[in-house]
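Here is the file final_6.tsv (TSV, C-alpha atoms).
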chain	number	residue	atom	x	y	z
R	1	MET	CA	122.40	-53.75	-58.74
R	2	GLN	CA	121.76	-54.55	-55.10
R	3	ASN	CA	124.32	-56.51	-53.05
R	4	SER	CA	121.95	-59.46	-52.82
R	5	GLU	CA	121.54	-59.51	-56.62
R	6	ALA	CA	125.31	-59.31	-57.08
R	7	MET	CA	125.78	-62.20	-54.66
R	8	ALA	CA	123.12	-64.25	-56.44
R	9	LEU	CA	124.82	-63.62	-59.81
R	10	SER	CA	128.21	-64.45	-58.31
R	11	ALA	CA	126.86	-67.67	-56.85
R	12	ALA	CA	125.24	-68.65	-60.16
R	13	LEU	CA	128.46	-68.06	-62.13
R	14	LEU	CA	130.54	-69.97	-59.60
R	15	ALA	CA	128.03	-72.84	-59.60
R	16	ALA	CA	128.01	-72.95	-63.41
R	17	ALA	CA	131.83	-72.95	-63.55
R	18	GLY	CA	132.06	-75.67	-60.92
R	19	ASP	CA	129.42	-77.76	-62.67
R	20	LEU	CA	131.17	-77.31	-66.03
R	21	THR	CA	134.49	-78.41	-64.55
R	22	GLN	CA	132.90	-81.46	-62.94
R	23	ARG	CA	130.98	-82.46	-66.07
R	24	ILE	CA	134.09	-82.17	-68.22
R	25	ASN	CA	135.99	-84.31	-65.73
R	26	ASP	CA	133.14	-86.85	-65.63
R	27	GLY	CA	133.21	-86.99	-69.45
R	28	VAL	CA	136.96	-87.54	-69.47
R	29	VAL	CA	136.66	-90.34	-66.91
R	30	ALA	CA	133.82	-91.92	-68.89
R	31	ARG	CA	136.10	-91.96	-71.95
R	32	GLY	CA	138.63	-94.15	-70.19
R	33	PHE	CA	140.83	-91.68	-68.32
R	34	ALA	CA	139.77	-92.69	-64.81
R	35	ASP	CA	143.02	-91.59	-63.19
R	36	VAL	CA	142.71	-87.86	-63.91
R	37	ARG	CA	141.23	-85.01	-61.95
R	38	PRO	CA	140.43	-81.41	-62.85
R	39	ALA	CA	143.87	-80.16	-61.74
R	40	HIS	CA	145.39	-82.33	-64.46
R	41	GLY	CA	143.22	-80.66	-67.07
R	42	PHE	CA	144.38	-77.19	-66.03
R	43	ALA	CA	147.97	-78.43	-66.28
R	44	PHE	CA	147.33	-80.03	-69.69
R	45	ALA	CA	145.95	-76.71	-70.94
R	46	ARG	CA	149.31	-75.08	-70.16
R	47	LEU	CA	151.40	-77.95	-71.53
R	48	ALA	CA	149.58	-77.86	-74.88
R	49	PRO	CA	150.70	-77.14	-77.51
R	50	ASP	CA	154.44	-76.68	-76.99
R	51	GLY	CA	155.17	-77.87	-73.46
R	52	ALA	CA	156.31	-75.89	-70.44
R	53	THR	CA	158.85	-75.98	-67.68
R	54	VAL	CA	157.84	-76.79	-64.11
R	55	THR	CA	158.38	-73.10	-63.30
R	56	ASP	CA	156.00	-72.09	-66.13
R	57	LEU	CA	153.43	-74.59	-64.92
R	58	ALA	CA	153.72	-73.39	-61.32
R	59	ALA	CA	153.07	-69.80	-62.43
R	60	HIS	CA	150.11	-70.91	-64.56
R	61	LEU	CA	148.52	-72.89	-61.75
R	62	ARG	CA	149.50	-70.33	-59.09
R	63	VAL	CA	151.17	-72.97	-56.95
R	64	THR	CA	154.70	-73.46	-55.67
R	65	LYS	CA	157.35	-75.03	-57.87
R	66	GLN	CA	157.35	-77.97	-55.48
R	67	ALA	CA	153.61	-78.52	-55.95
R	68	ALA	CA	153.95	-78.22	-59.73
R	69	SER	CA	156.86	-80.66	-59.67
R	70	GLN	CA	154.75	-83.19	-57.75
R	71	LEU	CA	151.93	-82.80	-60.27
R	72	VAL	CA	154.39	-83.30	-63.14
R	73	ASP	CA	155.80	-86.41	-61.43
R	74	GLU	CA	152.25	-87.76	-61.20
R	75	ILE	CA	151.25	-87.11	-64.82
R	76	VAL	CA	154.58	-88.47	-66.08
R	77	ARG	CA	154.11	-91.62	-63.99
R	78	LYS	CA	150.58	-92.04	-65.41
R	79	GLY	CA	151.84	-91.63	-68.97
R	80	TYR	CA	150.21	-88.29	-69.80
R	81	ALA	CA	153.41	-86.29	-70.14
R	82	GLU	CA	157.15	-86.71	-70.46
R	83	ARG	CA	160.20	-84.63	-69.68
R	84	ARG	CA	162.48	-83.64	-72.55
R	85	PRO	CA	165.59	-81.50	-72.80
R	86	HIS	CA	164.65	-77.83	-73.21
R	87	PRO	CA	165.58	-76.67	-76.71
R	88	ARG	CA	166.90	-73.28	-75.53
R	89	ASP	CA	167.98	-73.84	-71.91
R	90	ALA	CA	170.32	-76.71	-71.11
R	91	ARG	CA	169.52	-76.42	-67.39
R	92	ALA	CA	165.75	-76.76	-67.82
R	93	ARG	CA	163.50	-79.66	-68.74
R	94	LEU	CA	160.48	-79.23	-70.95
R	95	VAL	CA	157.32	-81.12	-69.94
R	96	VAL	CA	155.26	-82.12	-72.96
R	97	LEU	CA	152.08	-84.12	-73.42
R	98	THR	CA	152.38	-87.67	-74.69
R	99	GLU	CA	149.86	-89.18	-77.11
R	100	ARG	CA	147.91	-90.32	-74.03
R	101	GLY	CA	147.90	-86.73	-72.76
R	102	TRP	CA	146.68	-85.45	-76.11
R	103	ALA	CA	143.95	-88.12	-76.19
R	104	CYS	CA	142.82	-87.03	-72.74
R	105	THR	CA	142.79	-83.41	-73.89
R	106	ARG	CA	140.63	-84.34	-76.90
R	107	ALA	CA	138.27	-86.21	-74.55
R	108	ALA	CA	137.96	-83.04	-72.45
R	109	GLU	CA	137.18	-80.97	-75.55
R	110	THR	CA	134.46	-83.43	-76.54
R	111	ALA	CA	133.00	-83.43	-73.02
R	112	ALA	CA	133.00	-79.61	-72.96
R	113	ALA	CA	131.18	-79.52	-76.31
R	114	GLU	CA	128.55	-81.89	-74.92
R	115	VAL	CA	127.95	-79.67	-71.89
R	116	VAL	CA	127.65	-76.54	-74.03
R	117	GLY	CA	125.35	-78.49	-76.34
R	118	ARG	CA	123.05	-79.17	-73.38
R	119	TRP	CA	123.08	-75.44	-72.59
R	120	ALA	CA	122.05	-74.76	-76.20
R	121	GLU	CA	119.16	-77.24	-75.86
R	122	LEU	CA	118.02	-75.39	-72.74
R	123	LEU	CA	118.63	-71.79	-73.80
R	124	GLY	CA	118.86	-71.95	-77.58
R	125	GLU	CA	121.93	-71.57	-79.81
R	126	GLY	CA	121.57	-67.78	-80.03
R	127	GLU	CA	121.40	-67.32	-76.27
R	128	VAL	CA	124.47	-69.48	-75.73
R	129	ARG	CA	126.36	-67.50	-78.38
R	130	VAL	CA	125.36	-64.23	-76.66
R	131	LEU	CA	126.33	-65.69	-73.28
R	132	GLY	CA	129.76	-66.55	-74.67
R	133	GLU	CA	130.20	-63.06	-76.11
R	134	ARG	CA	129.15	-61.36	-72.88
R	135	LEU	CA	131.34	-63.56	-70.71
R	136	ALA	CA	134.29	-62.89	-73.03
R	137	ARG	CA	133.79	-59.15	-72.41
R	138	ILE	CA	134.04	-59.49	-68.63
R	139	ALA	CA	136.32	-62.50	-68.21
R	140	PRO	CA	139.93	-61.66	-67.46
R	141	TYR	CA	142.28	-62.10	-70.38
R	142	GLY	CA	144.77	-64.89	-69.97
R	143	PRO	CA	144.95	-68.54	-69.11
R	144	VAL	CA	142.14	-70.51	-67.56
R	145	ARG	CA	143.31	-71.37	-64.08
R	146	PRO	CA	141.84	-73.27	-61.17
R	147	ALA	CA	140.46	-71.23	-58.32
R	148	TRP	CA	142.12	-73.20	-55.55

As C-alpha cells - that is how I would like this structure written.
Amino acid sequence: MQNSEAMALSAALLAAAGDLTQRINDGVVARGFADVRPAHGFAFARLAPDGATVTDLAAHLRVTKQAASQLVDEIVRKGYAERRPHPRDARARLVVLTERGWACTRAAETAAAEVVGRWAELLGEGEVRVLGERLARIAPYGPVRPAW
C-alpha cells in the first residue's frame, strides 16, 4: 500500500469515527439530553455498569485526575451520576450513573444503532457485518476512549 493510500484510508476511518461520535451525540441531544457532549459519553461508558473512582476515570479518559474530577463534578451537578462510598476502600468514592445517566446511555445505544442501520442501508447487512469483523481484528483491545 502506498503512503497516499494509507493516508486516504486513515482519513476515511478518522472521518467515519468522528461522524459516528457526532451522530450519536446528536441523537442523544434529540432525545432530550441537551446538556451532554461526547466526553460525557466516554465517561459514562467507564462508569457503567459498576461505577468507577475518579482515578479510574482519569486513566480511562487519559486525562489528569483534576480534569476527571471536574468532569465528575459536572455530571453529578447535571444529575447523570452520583458519588457513593466505595464498598472496598473507605478513602475512595465511587461514581455511579443515576437513572438519568442510564437513560442517556440507552439513548446513545439507540442513536448508535440508527447510524449503523443507515450504514446497512448503504452497504448492505452483510458488508456491515464484515466491516465490524475486520475492524475488530485491527482495533486495539480495551476501552473506547476519546482521541483528545

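The nearest approach to Val54 (chain R) among the residues R:Arg31, R:His40, R:Val95, R:Lys78, with all atoms listed in the file taken into account, belongs to R:Val95.
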
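Between Phe44 (chain R) and the candidates R:Ala6, R:Leu135, R:Val29, R:Ala108, the tightest atom-to-atom separation, counting all atoms listed in the file, involves R:Ala108.
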
Problem - Option closest in space to Glu114 (chain R), from R:Pro38, R:Gly27, R:Pro87, R:Pro49 [counting only C-alpha atoms] - result: R:Gly27

Completion exercise
From the list R:Arg37, R:Met1, R:Glu82, R:Gln70, the nearest residue to Arg23 (chain R) using only C-alpha atoms is R:Arg37

Practice task
To one decimal in Å, tell me the separation between CA of Val63 (chain R) and CA of Arg84 (chain R).
Solution key: 22.0 Å

Practice task
One decimal, Å: what's the distance from CA of Ala15 (chain R) over to CA of Arg129 (chain R), could you say?
Solution key: 19.6 Å

Exercise for the section: Find the spatial neighbours of Arg93 (chain R), counting only C-alpha atoms, within a cut-off of 7 Å - ignore same-chain residues fewer than 5 positions away - and output them as a ChimeraX atom specification. Expected result: /R:53,83-86

Problem - Residue among R:Arg91, R:Thr98, R:Val130, R:Val36 lying closest to Ile24 (chain R), counting only C-alpha atoms - result: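 Among the listed residues, the smallest separation from Ile24 (chain R) belongs to R:Val36.
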
Problem - Residue among R:Trp119, R:Val28, R:Pro140, R:Val96 lying closest to Ala45 (chain R), counting all atoms listed in the file - result: R:Val96

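Excluding Ala59 (chain R) and any residue on its chain fewer than 3 positions from it, the residues at most 12 Å away by only C-alpha atoms are R:Phe42, R:Ala43, R:Arg46, R:Ala52, R:Thr53, R:Val54, R:Thr55, R:Asp56, R:Arg62, R:Val63, R:Thr64, R:Lys65, R:Gln66, R:Ala67, R:Ala68, R:Ser69, R:Pro143, R:Arg145, R:Pro146.
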
Axis-aligned box over every listed atom of region 65-73 of chain R, padded by 8 Å per side: centre and edges in Å to one decimal, as lines of an AutoDock Vina configuration file?
center_x = 154.6
center_y = -80.7
center_z = -59.3
size_x = 21.4
size_y = 27.4
size_z = 23.7

Fill in the blank from the handout: The distance between CA of Ile138 (chain R) and CA of Met7 (chain R) is 16.5 Å
